[in-house]
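What follows is the content of final-v5.pdb (PDB, N, CA and C atoms).
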```
ATOM      1  N   MET A   1      -2.901  -2.284  12.134
ATOM      2  CA  MET A   1      -2.111  -1.908  10.960
ATOM      3  C   MET A   1      -2.437  -0.457  10.596
ATOM      4  N   THR A   2      -1.409   0.313  10.270
ATOM      5  CA  THR A   2      -1.608   1.721   9.924
ATOM      6  C   THR A   2      -1.821   1.871   8.419
ATOM      7  N   SER A   3      -2.475   2.942   8.050
ATOM      8  CA  SER A   3      -2.676   3.203   6.625
ATOM      9  C   SER A   3      -1.417   3.838   6.044
ATOM     10  N   PRO A   4      -1.134   3.599   4.758
ATOM     11  CA  PRO A   4       0.077   4.176   4.143
ATOM     12  C   PRO A   4      -0.048   5.693   4.020
ATOM     13  N   LEU A   5       1.107   6.357   4.011
ATOM     14  CA  LEU A   5       1.116   7.815   3.857
ATOM     15  C   LEU A   5       0.771   8.234   2.436
ATOM     16  N   HIS A   6       1.124   7.390   1.456
ATOM     17  CA  HIS A   6       0.906   7.730   0.049
ATOM     18  C   HIS A   6       0.234   6.561  -0.663
ATOM     19  N   ASP A   7      -0.596   6.895  -1.622
ATOM     20  CA  ASP A   7      -1.206   5.873  -2.469
ATOM     21  C   ASP A   7      -0.292   5.510  -3.624
ATOM     22  N   ALA A   8       0.534   6.468  -4.053
ATOM     23  CA  ALA A   8       1.449   6.242  -5.174
ATOM     24  C   ALA A   8       2.704   7.066  -4.975
ATOM     25  N   ILE A   9       3.820   6.541  -5.452
ATOM     26  CA  ILE A   9       5.091   7.263  -5.458
ATOM     27  C   ILE A   9       5.588   7.280  -6.893
ATOM     28  N   VAL A  10       5.829   8.467  -7.416
ATOM     29  CA  VAL A  10       6.295   8.624  -8.794
ATOM     30  C   VAL A  10       7.766   9.024  -8.739
ATOM     31  N   ILE A  11       8.606   8.213  -9.373
ATOM     32  CA  ILE A  11      10.039   8.475  -9.421
ATOM     33  C   ILE A  11      10.341   9.200 -10.724
ATOM     34  N   GLY A  12      10.799  10.431 -10.628
ATOM     35  CA  GLY A  12      11.090  11.243 -11.811
ATOM     36  C   GLY A  12       9.880  12.082 -12.179
ATOM     37  N   VAL A  13       9.947  13.362 -11.900
ATOM     38  CA  VAL A  13       8.806  14.235 -12.177
ATOM     39  C   VAL A  13       9.135  15.242 -13.274
ATOM     40  N   GLY A  14       9.678  14.710 -14.355
ATOM     41  CA  GLY A  14       9.884  15.530 -15.553
ATOM     42  C   GLY A  14       8.546  15.712 -16.252
ATOM     43  N   GLY A  15       8.563  15.757 -17.546
ATOM     44  CA  GLY A  15       7.343  15.974 -18.318
ATOM     45  C   GLY A  15       6.270  14.923 -18.080
ATOM     46  N   MET A  16       6.625  13.674 -18.174
ATOM     47  CA  MET A  16       5.645  12.594 -18.001
ATOM     48  C   MET A  16       5.311  12.375 -16.525
ATOM     49  N   GLY A  17       6.326  12.403 -15.669
ATOM     50  CA  GLY A  17       6.092  12.146 -14.253
ATOM     51  C   GLY A  17       5.240  13.209 -13.593
ATOM     52  N   SER A  18       5.472  14.468 -13.935
ATOM     53  CA  SER A  18       4.675  15.540 -13.330
ATOM     54  C   SER A  18       3.220  15.457 -13.765
ATOM     55  N   GLY A  19       2.995  15.061 -15.012
ATOM     56  CA  GLY A  19       1.620  14.859 -15.475
ATOM     57  C   GLY A  19       0.946  13.716 -14.736
ATOM     58  N   THR A  20       1.707  12.670 -14.490
ATOM     59  CA  THR A  20       1.178  11.526 -13.738
ATOM     60  C   THR A  20       0.832  11.930 -12.312
ATOM     61  N   VAL A  21       1.722  12.670 -11.667
ATOM     62  CA  VAL A  21       1.461  13.153 -10.308
ATOM     63  C   VAL A  21       0.210  14.023 -10.293
ATOM     64  N   TYR A  22       0.094  14.906 -11.254
ATOM     65  CA  TYR A  22      -1.047  15.818 -11.320
ATOM     66  C   TYR A  22      -2.371  15.053 -11.432
ATOM     67  N   HIS A  23      -2.435  14.129 -12.362
ATOM     68  CA  HIS A  23      -3.691  13.413 -12.593
ATOM     69  C   HIS A  23      -4.041  12.480 -11.432
ATOM     70  N   LEU A  24      -3.038  11.848 -10.841
ATOM     71  CA  LEU A  24      -3.316  11.005  -9.674
ATOM     72  C   LEU A  24      -3.838  11.846  -8.509
ATOM     73  N   ALA A  25      -3.185  12.982  -8.254
ATOM     74  CA  ALA A  25      -3.611  13.855  -7.161
ATOM     75  C   ALA A  25      -4.986  14.445  -7.426
ATOM     76  N   LYS A  26      -5.249  14.794  -8.658
ATOM     77  CA  LYS A  26      -6.554  15.359  -9.014
ATOM     78  C   LYS A  26      -7.678  14.346  -8.793
ATOM     79  N   SER A  27      -7.350  13.057  -8.963
ATOM     80  CA  SER A  27      -8.364  12.021  -8.757
ATOM     81  C   SER A  27      -8.507  11.639  -7.282
ATOM     82  N   GLY A  28      -7.716  12.284  -6.402
ATOM     83  CA  GLY A  28      -7.868  12.071  -4.971
ATOM     84  C   GLY A  28      -6.803  11.205  -4.333
ATOM     85  N   ALA A  29      -5.829  10.744  -5.099
ATOM     86  CA  ALA A  29      -4.765   9.909  -4.548
ATOM     87  C   ALA A  29      -3.762  10.768  -3.782
ATOM     88  N   ARG A  30      -3.172  10.198  -2.769
ATOM     89  CA  ARG A  30      -2.084  10.859  -2.031
ATOM     90  C   ARG A  30      -0.788  10.439  -2.710
ATOM     91  N   VAL A  31      -0.136  11.409  -3.354
ATOM     92  CA  VAL A  31       0.986  11.112  -4.242
ATOM     93  C   VAL A  31       2.255  11.791  -3.749
ATOM     94  N   LEU A  32       3.365  11.070  -3.862
ATOM     95  CA  LEU A  32       4.681  11.631  -3.589
ATOM     96  C   LEU A  32       5.470  11.586  -4.884
ATOM     97  N   GLY A  33       5.956  12.744  -5.331
ATOM     98  CA  GLY A  33       6.778  12.812  -6.538
ATOM     99  C   GLY A  33       8.225  13.084  -6.158
ATOM    100  N   LEU A  34       9.133  12.244  -6.623
ATOM    101  CA  LEU A  34      10.557  12.386  -6.313
ATOM    102  C   LEU A  34      11.337  12.677  -7.585
ATOM    103  N   GLU A  35      12.273  13.613  -7.490
ATOM    104  CA  GLU A  35      13.101  13.980  -8.637
ATOM    105  C   GLU A  35      14.553  14.045  -8.193
ATOM    106  N   ARG A  36      15.431  13.509  -9.005
ATOM    107  CA  ARG A  36      16.858  13.477  -8.702
ATOM    108  C   ARG A  36      17.516  14.848  -8.894
ATOM    109  N   PHE A  37      17.067  15.583  -9.882
ATOM    110  CA  PHE A  37      17.681  16.852 -10.233
ATOM    111  C   PHE A  37      16.798  18.014  -9.802
ATOM    112  N   ASP A  38      17.371  19.217  -9.809
ATOM    113  CA  ASP A  38      16.590  20.412  -9.499
ATOM    114  C   ASP A  38      15.493  20.598 -10.528
ATOM    115  N   ILE A  39      14.372  21.074 -10.065
ATOM    116  CA  ILE A  39      13.253  21.362 -10.965
ATOM    117  C   ILE A  39      13.335  22.840 -11.311
ATOM    118  N   PRO A  40      13.499  23.170 -12.596
ATOM    119  CA  PRO A  40      13.614  24.583 -12.962
ATOM    120  C   PRO A  40      12.296  25.319 -12.722
ATOM    121  N   ILE A  41      12.422  26.503 -12.188
ATOM    122  CA  ILE A  41      11.241  27.345 -11.943
ATOM    123  C   ILE A  41      11.355  28.567 -12.834
ATOM    124  N   ARG A  42      10.383  28.736 -13.678
ATOM    125  CA  ARG A  42      10.368  29.906 -14.561
ATOM    126  C   ARG A  42       9.583  31.016 -13.898
ATOM    127  N   SER A  43      10.211  32.135 -13.731
ATOM    128  CA  SER A  43       9.510  33.266 -13.129
ATOM    129  C   SER A  43       8.948  34.134 -14.263
ATOM    130  N   VAL A  44       7.817  34.682 -13.994
ATOM    131  CA  VAL A  44       7.185  35.581 -14.967
ATOM    132  C   VAL A  44       7.493  36.999 -14.527
ATOM    133  N   ARG A  45       8.217  37.705 -15.359
ATOM    134  CA  ARG A  45       8.575  39.081 -15.028
ATOM    135  C   ARG A  45       7.834  40.027 -15.964
ATOM    136  N   PRO A  46       7.263  41.049 -15.411
ATOM    137  CA  PRO A  46       6.561  42.007 -16.269
ATOM    138  C   PRO A  46       7.530  42.732 -17.191
ATOM    139  N   THR A  47       7.103  42.966 -18.390
ATOM    140  CA  THR A  47       7.941  43.703 -19.342
ATOM    141  C   THR A  47       7.584  45.177 -19.261
ATOM    142  N   ALA A  48       8.577  46.022 -19.355
ATOM    143  CA  ALA A  48       8.335  47.478 -19.249
ATOM    144  C   ALA A  48       8.183  48.085 -20.611
TER     145      ALA A  48
END
```

Rewrite the structure from the file as structure tokens, please.
Amino acid sequence: MTSPLHDAIVIGVGGMGSGTVYHLAKSGARVLGLERFDIPIRSVRPTA
């Protein structure tokens, strides 16, 4: 029998889901986070 690829799968990585993924991964779990929608990325631009 093979070992699973992930210890946990989190469906929806919004505010609560991303925190769950973070804490599970930090504790050593192999986590897969799935999100239906695009995850917004905020870029930090220097101000002149």

Next on the checklist: Can you translate the PyMOL selection byres ((chain A and resi 6) around 7) into the concrete residues it hits in this file, as a PyMOL selection string?
Outcome noted: chain A and resi 3-5+7-9+29-32

Next on the checklist: List the spatial neighbours of Arg36 (chain A) as a PyMOL selection string - criterion: any atom at most 7 Å away, only N, CA and C atoms, same-chain residues fewer than 5 positions off excluded.
Outcome noted: chain A and resi 11-13

So that I have them on file, write out the residues from the current selection with N, CA and C atoms, as an mmCIF file, in the coordinates of the input.
```
data_model
loop_
_atom_site.group_PDB
_atom_site.id
_atom_site.type_symbol
_atom_site.label_atom_id
_atom_site.label_comp_id
_atom_site.auth_asym_id
_atom_site.auth_seq_id
_atom_site.Cartn_x
_atom_site.Cartn_y
_atom_site.Cartn_z
ATOM 1 N N ILE A 11 8.606 8.213 -9.373
ATOM 2 C CA ILE A 11 10.039 8.475 -9.421
ATOM 3 C C ILE A 11 10.341 9.200 -10.724
ATOM 4 N N GLY A 12 10.799 10.431 -10.628
ATOM 5 C CA GLY A 12 11.090 11.243 -11.811
ATOM 6 C C GLY A 12 9.880 12.082 -12.179
ATOM 7 N N VAL A 13 9.947 13.362 -11.900
ATOM 8 C CA VAL A 13 8.806 14.235 -12.177
ATOM 9 C C VAL A 13 9.135 15.242 -13.274
#
```

Checklist entry - Separation of CA of Leu34 (chain A) and CA of Val10 (chain A), in Å? => result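 The value is 6.2 Å.
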
Next on the checklist: Write out as a list in words the set of residues from chain A that DSSP, computed on the backbone, places in strand (DSSP E).
Outcome noted: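 Strand (DSSP E) members of chain A, listed: Ala8, Ile9, Val10, Ile11, Val31, Leu32, Gly33 and Leu34 of chain A.
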
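Picture a line from atom N of Gly33 (chain A) to atom N of Met1 (chain A); it runs 24.7 Å.
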
Checklist entry - Got a sec to tell me which of chain A DSSP assigns to alpha helix (DSSP H), as a VMD selection string? => result chain A and resid 15 to 26

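Here atom N of Gly14 (chain A) stands at a distance of 7.4 Å from atom N of Glu35 (chain A).
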